[in-house]
Amino acid sequence: MRITVNGTDYPVPDDVRVSLLDMLRERSGLTGSKLGCNQGACGACTVLLDGERVLSCLTLAVQAAGREVRTIEGVAAAEGELHPLQQAFIDHDGFQCGYCTPGQICSALGMLEEFRRGDPSHVTADLAGGQARFSHEEIRERMSGNLCRCGAHNGIVAAILQFADAGAGE
Amino acid sequence: MSKLQNAIVGGVRRVLGQVPAGWLPGGTPDPLIQRRVSLGTQQPRIDGPDKVRGGARFAAEVPMDGLLYTALVHATIARGRIAELDTGAAEAAPGVALVMTHRNAPKLAVPPPIGMTSMKAAGNNILPIMQDPEIRWNGQTVALILAESQEEADHAATLVQVRYETERARTRFEEAKADARTPDSILIEKNRLLKGNAEAALTAAAHRTDAVYRTPWYNHNPIEPHAATVLWKDGRLIVHDATQMLNGTAGSLAKVFGLKDDQVHVSSPFVGGGFGGKALWDHQILAAAAAKLAKRPVRIVLRRSSMYRLIGGRAETEQRVALAADARGKLTALLHHGYSVKPLHSVCDEQYGLTGRSLYACESFDIVQHHLDLDVVANTFMRGPGEAVGTFAIESAIDELAHDIGMDPVALRLRNLPDRDPVSGAPHSQSDPAKAWQMGADQFGWNRWERRSTRREGEWRLGLGCATGTFPYARMPGMSVRITVDDEGRATVASAAHEMGMGTATVQRQHAADRLGLPLERVDVRIGDTSLPFATMAGGSSQTASLGAAITAASSKLAGELVRLAGNDTPLAGLRANDLEFAEGGLRCVGDPSRQESFASILRRAGRRQISVEGESSAPLEMLKFAMHSTSAIFCELRVSEATGEVRVTRLVGAFDCGRILNPKTAASQFRGGMIMGLGMALTEETLLDPRNGRIMSASLTDYHVPVHLDLPEIDVLWTDIPDPRAPMGARGIGEIGITGVAAAVANAVFNATGKRVRDLPITLDKLL
Ligand code: FES
Ligand code: FES
């Protein structure tokens with residue numbers, strides 16, 4: 001079994017204790033995914049596993065065997081051009097130190113997918129009313145698992161809103 | 001700090017008071033204040049593309065062959081000694097390369113303390129590290145494991161057996177008061193301030209308020225954990241660190257390991273948030289010691305819980321503030337007495353006692369602070385040290401006084417604005433808090449304020465509050481840069497300065513472009529490595545001004561060197577550096593633009609590829625002659641649930657008087673970031689210490705609550721943008737002022753909404769039910 005990360009296959013670590021995050025950072029040279037707390041509290045390690053956002057510090061690498069992982073390194077186009085959401089983060093200054101940023105971006109991509117398929121959130125007012133209206137409030141609620149200590153929250157929400165409004169989903 | 005130091009600082013101030021301003025640094029306002037091209041414009045971060053791609057490389061991400069991983073075992077008692085230690089099972093565990101304890105650790109000197117005297121020192125916890133069986137705080141490292149993988153190291157750490165002999169420890173704030181120390185100085189100021197007769201004025205006053213305010217321990221909690229990748233090579237120590245004190249760390253490590261300064265190399269191009277916490281602590285020293293024993297490179301990444309145990313936070317404080325005013329709201333007395341924790345092995349004052357010295361004109365002052373010695377990890381500076389907690393106490397008290405008088409709290413503040421330093425009488429370099437108040441009040445709509453809010457929405461009571469923030473200007477002497485100009489007309493500015501998210505390189509590139517008369521694209525900035533010219537720490541909101549002064553100094557030298565190189569065969573012949581200005585990619589004569597020559601042309605004619613000069617930030621005498629403080633007006637709107645006591649902040653506005661703003665994009669982020677940390681301080685953050693054994697109970701991000709997206713409204717920030725003629729580029733630092741004043745604005749809004757005055761941070765739900 002292999003783990004596919006951004007289209008490339010990697011071996012499953014033989015030590016079953018290895019988290020997906022440590023497999024990426026320490027064994028695959030993919031340090032874009034960040035370690036913040038190693039216990040599911042900060043979101044810095046967020047990656048997409050078969051398109052769903054997961055906390056890679058709480059996911060064992062073996063759980064990803066035979067599945068597809070997309071990390072921040074796989075978000076920009078192969079030719080190196082920035083993904084529009086990445087560009088929106090720059091435009092709105094949605095980061096300072098940049099350490100939470102890969103997690104915020106991966107989380108936002110997963111979150112928009114959840115939103116599109118109609119998953120409600122805690123602040124969705126009308127659960128029976130079909131698709132929730134996309135708003136600052138919805139983004140804030142759905143992104144609250146991604147901490148930012150630099151306080152770039154306003155810029156992050158603005159970047160996600162700009163990207164979502166542009167309909168530039170994938 | 002000592003009586004001697006008080007005398008020296010006092011003496012210098014007195015002398016400078018007589019010296020004409022024109023003789024001092026900043027005596028002639030920086031010409032760039034009038035001549036800005038790139039400065040003052042919105043510029044995106046130059047490291048932005050790397051950061052959004054995940055390509056910016058942090059300390060724990062430096063690849064290295066043969067790395068060993070680290071796990072730590074922490075003491076579980078606050079005071080005593082290790083009686084028995086069994087490391088056998090850990091040593092025998094798979095993958096383990098070394099178990100280091102006090103029995104086999106190499107000899108290590110105590111790290112030299114961060115200080116005003118040595119720029120090469122960065123130590124916080126001034127204690128022997130793993131040199132003896134003594135335990136001095138709950139959380140101290142008793143064993144370090146090195147293993148081939150993180151998983152193996154973590155497992156082996158669980159196998160170390162320790163039995164302690166416990167001694168009575170000092171872990172209670174209240175009990176430590178009996179032995180409180182009263183230092184002579186706080187930072188470089190005299191601690192005790194007595195002016196007029198505050199006690200008498202309090203007794204006689206028409207209006208007074210007298211109350212005690214409390215703030216808990218706080219932790220910086222950058223999202224990047226403290227980390228280092230360490231290597232010994234040919235007798236040299238190489239550390240890839242996450243630090244806001246590069247040269248301080250290098251100099252300290254040299255002392256600890258008995259090396260020469262040039263035998264230590266520290267690199268830290270990106271820091272994932274610092275806020276005062278990313279300095280030299282035990283972990284870098286332990287990792288380097290272990291790497292030395294194992295003869296292998298080592299990576300250490302502190303677990304979040306280890307960060308609470310090994311990295312000190314903002315000290316707990318208890319502050320009494322008493323204010324007196326006449327019938328019209330003129331302040332007649334300001335008394336500020338308090339206690340904060342500062343163990344003997346700590347070097348950082350929590351200088352809340354300085355806050356009240358600059359904010360208001362007042363007839364009498366009585367200010368002093370006392371230190372409590374506890375068996376805890378050394379406290380340290382955290383964003384807005386002193387002022388963050390000092391403004392909570394004083395600005396809550398001002399609100400209480402305004403309520404007592406029946407005055408609008410904005411009007412009360414405006415009535416008492418000082419026109420010079422209220423204590424020393426020194427003139428302000430620039431100060432216009434009234435304008436900040438006006439701008440903020442307009443933006444916020446303060447005219448909706450009522451003495452006791454009557455607004456409600458269902459279970460929610462709505463309230464408005466405001467407070468002043470403040471932070472002093474600082475510029476460090478000794479900050480240095482090298483400017484290199486090449487024959488293509490490009491300039492490179494290099495310094496071992498720091499990037500923790502402030503946008504250091506982005507802003508100094510704007511500065512250097514304007515200073516050297518170059519377009520932005522022709523300037524590069526290199527920072528973050530001790531192979532570059534010596535830099536002072538990123539602290540005290542001083543880095544921008546210090547780098548600004550260093551670049552200015554280097555550019556003057558550059559003009560002199562270039563005109564010398566140009567010789568006689570140039571339109572510049574016969575001109576001196578003073579007659580020259582940088583413009584259009586070269587030098588030209590002031591007042592005669594026809595006499596001009598480009599860098600490229602001068603260098604080529606001289607047969608040179610490039611020219612390099614170094615410049616250094618001079619002694620910051622302007623700080624001693626002038627009162628140099630930034631101020632802010634913070635406005636908060638919130639609602640409080642009658643059912644649960646929950647507080648939701650719905651609006652936050654900050655108007656700042658900080659001199660010139662250099663890059664509105666990154667500056668707005670700095671202000672907002674500080675204000676958000678202020679909201680956390682006000683409402684949710686608190687490090688909980690078990691008073692029985694000094695153990696930190698909230699050692700995780702699930703127990704220590706930093707604000708998250710849903711807690712945060714859109715935050716409006718504005719600035720007066722009035723240049724400070726005494727500061728390089730007209731700008732005072734802005735990294736810390738954002739947090740100040742916010743907690744008081746929140747507490748005052750809670751009072752406005754509910755009638756409950758909470759004087760004990762954070763304002764959690766239980767305090768409102
Ligand atoms: S590192 Fe995974 S949630 Fe914090
Ligand atoms: S940008 Fe620093 S933690 Fe978010």
# chains A, B, ... in the order shown; residues from 1 in each chain; ligands from 1
>>> residues_around(residues="B:Glu199", least_positions_apart="4", cutoff="9 Å", atoms="only C-alpha atoms", output="short mmCIF file (atom, residue, chain, number, x, y, z; two decimals) with C-alpha atoms, in the first residue's frame")
data_model
loop_
_atom_site.label_atom_id
_atom_site.label_comp_id
_atom_site.auth_asym_id
_atom_site.auth_seq_id
_atom_site.Cartn_x
_atom_site.Cartn_y
_atom_site.Cartn_z
CA THR B 203 -8.69 62.53 51.16
CA ALA B 204 -9.64 66.04 50.13
CA ALA B 333 -4.05 62.43 42.45
CA LEU B 335 -1.92 56.39 43.04
CA SER B 364 0.26 64.40 42.47
CA ASP B 366 2.31 58.02 44.18
#
>>> residues_near_ligand(ligand="ligand 1", cutoff="8 Å", atoms="only C-alpha atoms and all ligand atoms", output="PDB file with all heavy atoms, in the first residue's frame")
ATOM      1  N   LEU A  21       0.851  13.737   9.849  1.00  0.00           N
ATOM      2  CA  LEU A  21       1.629  14.980   9.876  1.00  0.00           C
ATOM      3  C   LEU A  21       3.127  14.697   9.944  1.00  0.00           C
ATOM      4  O   LEU A  21       3.912  15.266   9.193  1.00  0.00           O
ATOM      5  CB  LEU A  21       1.197  15.835  11.071  1.00  0.00           C
ATOM      6  CG  LEU A  21       1.967  17.149  11.249  1.00  0.00           C
ATOM      7  CD1 LEU A  21       1.761  18.077  10.063  1.00  0.00           C
ATOM      8  CD2 LEU A  21       1.560  17.855  12.537  1.00  0.00           C
ATOM      9  N   LYS A  34       1.825  22.320   8.942  1.00  0.00           N
ATOM     10  CA  LYS A  34       2.522  22.766  10.157  1.00  0.00           C
ATOM     11  C   LYS A  34       2.075  22.005  11.395  1.00  0.00           C
ATOM     12  O   LYS A  34       0.921  21.607  11.508  1.00  0.00           O
ATOM     13  CB  LYS A  34       2.268  24.262  10.383  1.00  0.00           C
ATOM     14  CG  LYS A  34       2.728  25.147   9.223  1.00  0.00           C
ATOM     15  CD  LYS A  34       4.195  24.977   8.894  1.00  0.00           C
ATOM     16  CE  LYS A  34       4.627  25.868   7.748  1.00  0.00           C
ATOM     17  NZ  LYS A  34       5.926  25.426   7.182  1.00  0.00           N
ATOM     18  N   LEU A  35       3.010  21.879  12.325  1.00  0.00           N
ATOM     19  CA  LEU A  35       2.698  21.314  13.626  1.00  0.00           C
ATOM     20  C   LEU A  35       2.518  22.465  14.615  1.00  0.00           C
ATOM     21  O   LEU A  35       3.435  23.270  14.786  1.00  0.00           O
ATOM     22  CB  LEU A  35       3.860  20.428  14.092  1.00  0.00           C
ATOM     23  CG  LEU A  35       3.740  19.974  15.541  1.00  0.00           C
ATOM     24  CD1 LEU A  35       3.252  18.551  15.616  1.00  0.00           C
ATOM     25  CD2 LEU A  35       5.053  20.116  16.269  1.00  0.00           C
ATOM     26  N   GLY A  36       1.342  22.540  15.239  1.00  0.00           N
ATOM     27  CA  GLY A  36       1.128  23.595  16.230  1.00  0.00           C
ATOM     28  C   GLY A  36       0.942  23.023  17.613  1.00  0.00           C
ATOM     29  O   GLY A  36       1.554  23.488  18.567  1.00  0.00           O
ATOM     30  N   CYS A  37       0.068  21.999  17.734  1.00  0.00           N
ATOM     31  CA  CYS A  37      -0.255  21.503  19.068  1.00  0.00           C
ATOM     32  C   CYS A  37      -0.170  19.994  19.161  1.00  0.00           C
ATOM     33  O   CYS A  37      -0.082  19.450  20.243  1.00  0.00           O
ATOM     34  CB  CYS A  37      -1.656  21.965  19.452  1.00  0.00           C
ATOM     35  SG  CYS A  37      -2.926  21.204  18.419  1.00  0.00           S
ATOM     36  N   ASN A  38      -0.231  19.304  18.033  1.00  0.00           N
ATOM     37  CA  ASN A  38      -0.174  17.838  17.996  1.00  0.00           C
ATOM     38  C   ASN A  38      -1.319  17.205  18.769  1.00  0.00           C
ATOM     39  O   ASN A  38      -1.204  16.063  19.211  1.00  0.00           O
ATOM     40  CB  ASN A  38       1.172  17.341  18.555  1.00  0.00           C
ATOM     41  CG  ASN A  38       1.642  16.090  17.854  1.00  0.00           C
ATOM     42  OD1 ASN A  38       1.379  15.912  16.654  1.00  0.00           O
ATOM     43  ND2 ASN A  38       2.308  15.214  18.573  1.00  0.00           N
ATOM     44  N   GLN A  39      -2.403  17.938  18.942  1.00  0.00           N
ATOM     45  CA  GLN A  39      -3.516  17.329  19.659  1.00  0.00           C
ATOM     46  C   GLN A  39      -4.880  17.813  19.167  1.00  0.00           C
ATOM     47  O   GLN A  39      -5.852  17.767  19.897  1.00  0.00           O
ATOM     48  CB  GLN A  39      -3.372  17.547  21.165  1.00  0.00           C
ATOM     49  CG  GLN A  39      -3.379  18.993  21.567  1.00  0.00           C
ATOM     50  CD  GLN A  39      -3.655  19.198  23.042  1.00  0.00           C
ATOM     51  OE1 GLN A  39      -3.878  20.303  23.449  1.00  0.00           O
ATOM     52  NE2 GLN A  39      -3.651  18.155  23.838  1.00  0.00           N
ATOM     53  N   GLY A  40      -4.916  18.307  17.954  1.00  0.00           N
ATOM     54  CA  GLY A  40      -6.218  18.623  17.373  1.00  0.00           C
ATOM     55  C   GLY A  40      -6.810  19.942  17.804  1.00  0.00           C
ATOM     56  O   GLY A  40      -8.000  20.188  17.599  1.00  0.00           O
ATOM     57  N   ALA A  41      -6.017  20.826  18.377  1.00  0.00           N
ATOM     58  CA  ALA A  41      -6.588  22.051  18.923  1.00  0.00           C
ATOM     59  C   ALA A  41      -6.324  23.303  18.092  1.00  0.00           C
ATOM     60  O   ALA A  41      -6.920  24.341  18.352  1.00  0.00           O
ATOM     61  CB  ALA A  41      -6.067  22.279  20.340  1.00  0.00           C
ATOM     62  N   CYS A  42      -5.445  23.230  17.095  1.00  0.00           N
ATOM     63  CA  CYS A  42      -5.062  24.486  16.442  1.00  0.00           C
ATOM     64  C   CYS A  42      -5.312  24.532  14.939  1.00  0.00           C
ATOM     65  O   CYS A  42      -5.389  25.607  14.354  1.00  0.00           O
ATOM     66  CB  CYS A  42      -3.590  24.803  16.715  1.00  0.00           C
ATOM     67  SG  CYS A  42      -2.430  23.819  15.754  1.00  0.00           S
ATOM     68  N   GLY A  43      -5.398  23.409  14.288  1.00  0.00           N
ATOM     69  CA  GLY A  43      -5.708  23.392  12.857  1.00  0.00           C
ATOM     70  C   GLY A  43      -4.534  23.649  11.934  1.00  0.00           C
ATOM     71  O   GLY A  43      -4.686  23.609  10.711  1.00  0.00           O
ATOM     72  N   ALA A  44      -3.346  23.892  12.482  1.00  0.00           N
ATOM     73  CA  ALA A  44      -2.192  24.225  11.628  1.00  0.00           C
ATOM     74  C   ALA A  44      -1.819  23.077  10.701  1.00  0.00           C
ATOM     75  O   ALA A  44      -1.197  23.278   9.664  1.00  0.00           O
ATOM     76  CB  ALA A  44      -0.995  24.599  12.502  1.00  0.00           C
ATOM     77  N   CYS A  45      -2.219  21.849  11.080  1.00  0.00           N
ATOM     78  CA  CYS A  45      -1.802  20.653  10.342  1.00  0.00           C
ATOM     79  C   CYS A  45      -2.848  20.202   9.330  1.00  0.00           C
ATOM     80  O   CYS A  45      -2.736  19.104   8.784  1.00  0.00           O
ATOM     81  CB  CYS A  45      -1.565  19.533  11.342  1.00  0.00           C
ATOM     82  SG  CYS A  45      -3.094  19.124  12.218  1.00  0.00           S
ATOM     83  N   THR A  46      -3.880  21.040   9.107  1.00  0.00           N
ATOM     84  CA  THR A  46      -5.000  20.621   8.245  1.00  0.00           C
ATOM     85  C   THR A  46      -4.533  20.268   6.836  1.00  0.00           C
ATOM     86  O   THR A  46      -3.816  21.035   6.189  1.00  0.00           O
ATOM     87  CB  THR A  46      -6.048  21.743   8.158  1.00  0.00           C
ATOM     88  OG1 THR A  46      -6.405  22.137   9.482  1.00  0.00           O
ATOM     89  CG2 THR A  46      -7.296  21.272   7.404  1.00  0.00           C
ATOM     90  N   LEU A  55      -7.361  16.812  10.403  1.00  0.00           N
ATOM     91  CA  LEU A  55      -6.206  17.241  11.184  1.00  0.00           C
ATOM     92  C   LEU A  55      -5.167  16.135  11.068  1.00  0.00           C
ATOM     93  O   LEU A  55      -5.362  15.027  11.583  1.00  0.00           O
ATOM     94  CB  LEU A  55      -6.619  17.468  12.634  1.00  0.00           C
ATOM     95  CG  LEU A  55      -7.676  18.568  12.818  1.00  0.00           C
ATOM     96  CD1 LEU A  55      -8.191  18.591  14.252  1.00  0.00           C
ATOM     97  CD2 LEU A  55      -7.103  19.923  12.430  1.00  0.00           C
ATOM     98  N   SER A  56      -4.077  16.417  10.380  1.00  0.00           N
ATOM     99  CA  SER A  56      -3.132  15.338  10.112  1.00  0.00           C
ATOM    100  C   SER A  56      -2.365  14.919  11.356  1.00  0.00           C
ATOM    101  O   SER A  56      -1.786  13.848  11.394  1.00  0.00           O
ATOM    102  CB  SER A  56      -2.176  15.735   8.981  1.00  0.00           C
ATOM    103  OG  SER A  56      -1.408  16.851   9.345  1.00  0.00           O
ATOM    104  N   CYS A  57      -2.403  15.733  12.416  1.00  0.00           N
ATOM    105  CA  CYS A  57      -1.737  15.313  13.655  1.00  0.00           C
ATOM    106  C   CYS A  57      -2.562  14.253  14.381  1.00  0.00           C
ATOM    107  O   CYS A  57      -2.037  13.516  15.199  1.00  0.00           O
ATOM    108  CB  CYS A  57      -1.484  16.507  14.584  1.00  0.00           C
ATOM    109  SG  CYS A  57      -2.956  17.174  15.378  1.00  0.00           S
ATOM    110  N   LEU A  58      -3.873  14.212  14.087  1.00  0.00           N
ATOM    111  CA  LEU A  58      -4.733  13.222  14.735  1.00  0.00           C
ATOM    112  C   LEU A  58      -5.058  12.066  13.797  1.00  0.00           C
ATOM    113  O   LEU A  58      -5.893  11.231  14.102  1.00  0.00           O
ATOM    114  CB  LEU A  58      -6.049  13.873  15.201  1.00  0.00           C
ATOM    115  CG  LEU A  58      -5.973  14.899  16.319  1.00  0.00           C
ATOM    116  CD1 LEU A  58      -7.367  15.274  16.793  1.00  0.00           C
ATOM    117  CD2 LEU A  58      -5.160  14.361  17.487  1.00  0.00           C
ATOM    118  N   ASN A 146      -9.326  26.698  13.137  1.00  0.00           N
ATOM    119  CA  ASN A 146      -7.991  27.118  12.702  1.00  0.00           C
ATOM    120  C   ASN A 146      -7.591  28.363  13.469  1.00  0.00           C
ATOM    121  O   ASN A 146      -8.069  29.466  13.187  1.00  0.00           O
ATOM    122  CB  ASN A 146      -7.973  27.397  11.193  1.00  0.00           C
ATOM    123  CG  ASN A 146      -8.062  26.114  10.388  1.00  0.00           C
ATOM    124  OD1 ASN A 146      -9.150  25.612  10.125  1.00  0.00           O
ATOM    125  ND2 ASN A 146      -6.923  25.560  10.030  1.00  0.00           N
TER     126      ASN A 146
END
>>> interface_residues(of="chain A", to="chain B", cutoff="8 Å", atoms="only C-alpha atoms", output="ChimeraX atom specification")
/A:17-18,25,29,31-38,41-42,44,72-73,75-76,82,86-87,89-91,93,95-102,105,137,140-141,143-154
>>> residues_around(residues="stretch 116-127 of chain A", least_positions_apart="5", cutoff="9 Å", atoms="only C-alpha atoms", output="tab-separated table (two decimals) with N, CA, C and O atoms, in the first residue's frame")
chain	number	residue	atom	x	y	z
A	111	MET	N	-13.66	23.42	3.63
A	111	MET	CA	-14.87	24.04	4.15
A	111	MET	C	-15.80	24.46	3.02
A	111	MET	O	-17.02	24.26	3.09
A	132	ALA	N	-27.32	27.22	2.76
A	132	ALA	CA	-27.16	28.38	3.65
A	132	ALA	C	-26.59	29.54	2.85
A	132	ALA	O	-25.95	29.35	1.83
A	133	ARG	N	-26.88	30.76	3.34
A	133	ARG	CA	-26.30	31.92	2.67
A	133	ARG	C	-24.85	32.05	3.13
A	133	ARG	O	-24.55	31.90	4.32
A	137	GLU	N	-20.31	35.36	8.94
A	137	GLU	CA	-20.62	34.55	10.11
A	137	GLU	C	-20.40	33.05	9.83
A	137	GLU	O	-19.83	32.33	10.64
A	138	GLU	N	-20.88	32.62	8.66
A	138	GLU	CA	-20.69	31.20	8.30
A	138	GLU	C	-19.20	30.87	8.19
A	138	GLU	O	-18.75	29.82	8.65
A	141	GLU	N	-17.62	30.73	11.74
A	141	GLU	CA	-17.96	29.52	12.48
A	141	GLU	C	-17.20	28.32	11.92
A	141	GLU	O	-16.58	27.55	12.65
A	142	ARG	N	-17.21	28.22	10.61
A	142	ARG	CA	-16.64	27.02	9.98
A	142	ARG	C	-15.11	27.04	10.00
A	142	ARG	O	-14.51	25.99	9.76
>>> atom_distance(atom1="atom CA of B:Ile602", atom2="atom CA of B:Ser38")
24.9 Å
>>> residues_around(residues="B:Leu108", least_positions_apart="5", cutoff="10 Å", atoms="only C-alpha atoms", output="CSV table (one decimal) with N, CA and C atoms, in the first residue's frame")
chain,number,residue,atom,x,y,z
B,128,PRO,N,21.0,27.3,36.8
B,128,PRO,CA,21.8,26.2,36.2
B,128,PRO,C,20.9,25.2,35.5
B,129,ILE,N,21.3,24.7,34.3
B,129,ILE,CA,20.5,23.9,33.5
B,129,ILE,C,21.0,22.4,33.6
B,130,MET,N,20.3,21.6,34.2
B,130,MET,CA,20.6,20.1,34.3
B,130,MET,C,22.0,19.9,34.9
B,131,GLN,N,22.4,20.7,35.9
B,131,GLN,CA,23.8,20.6,36.5
B,131,GLN,C,23.7,19.9,37.8
B,253,LEU,N,24.7,31.5,23.9
B,253,LEU,CA,25.2,30.1,23.7
B,253,LEU,C,26.7,30.0,23.8
B,255,LYS,N,28.6,31.8,25.6
B,255,LYS,CA,29.0,31.9,27.1
B,255,LYS,C,28.7,30.5,27.7
B,256,VAL,N,27.5,30.0,27.4
B,256,VAL,CA,27.1,28.8,28.1
B,256,VAL,C,28.0,27.6,27.8
B,257,PHE,N,28.5,27.5,26.5
B,257,PHE,CA,29.4,26.4,26.1
B,257,PHE,C,30.9,26.8,26.1
B,258,GLY,N,31.2,28.0,26.5
B,258,GLY,CA,32.6,28.4,26.6
B,258,GLY,C,33.2,28.5,25.2
B,285,ILE,N,19.5,25.2,24.8
B,285,ILE,CA,20.8,24.8,25.4
B,285,ILE,C,20.8,23.3,25.6
B,286,LEU,N,19.7,22.7,26.1
B,286,LEU,CA,19.6,21.3,26.3
B,286,LEU,C,19.9,20.6,24.9
B,289,ALA,N,23.5,20.7,24.0
B,289,ALA,CA,24.3,19.9,24.9
B,289,ALA,C,24.1,18.4,24.5
>>> select_by_dssp(residues="stretch 195-406 of chain B", states="alpha helix (DSSP H)", output="ChimeraX atom specification")
/B:198-204,246-257,282-294,304-310,387-405
>>> residues_around(residues="stretch 460-467 of chain B", least_positions_apart="3", cutoff="7 Å", atoms="only C-alpha atoms", output="PyMOL selection string")
chain B and resi 395+449+453+455-457+633-642+741-742+744-746+748-750+752-754
>>> atom_distance(atom1="atom CA of B:Val341", atom2="atom CA of B:Gly735")
24.3 Å
>>> atom_distance(atom1="atom CA of B:Ile394", atom2="atom CA of B:His428")
21.3 Å
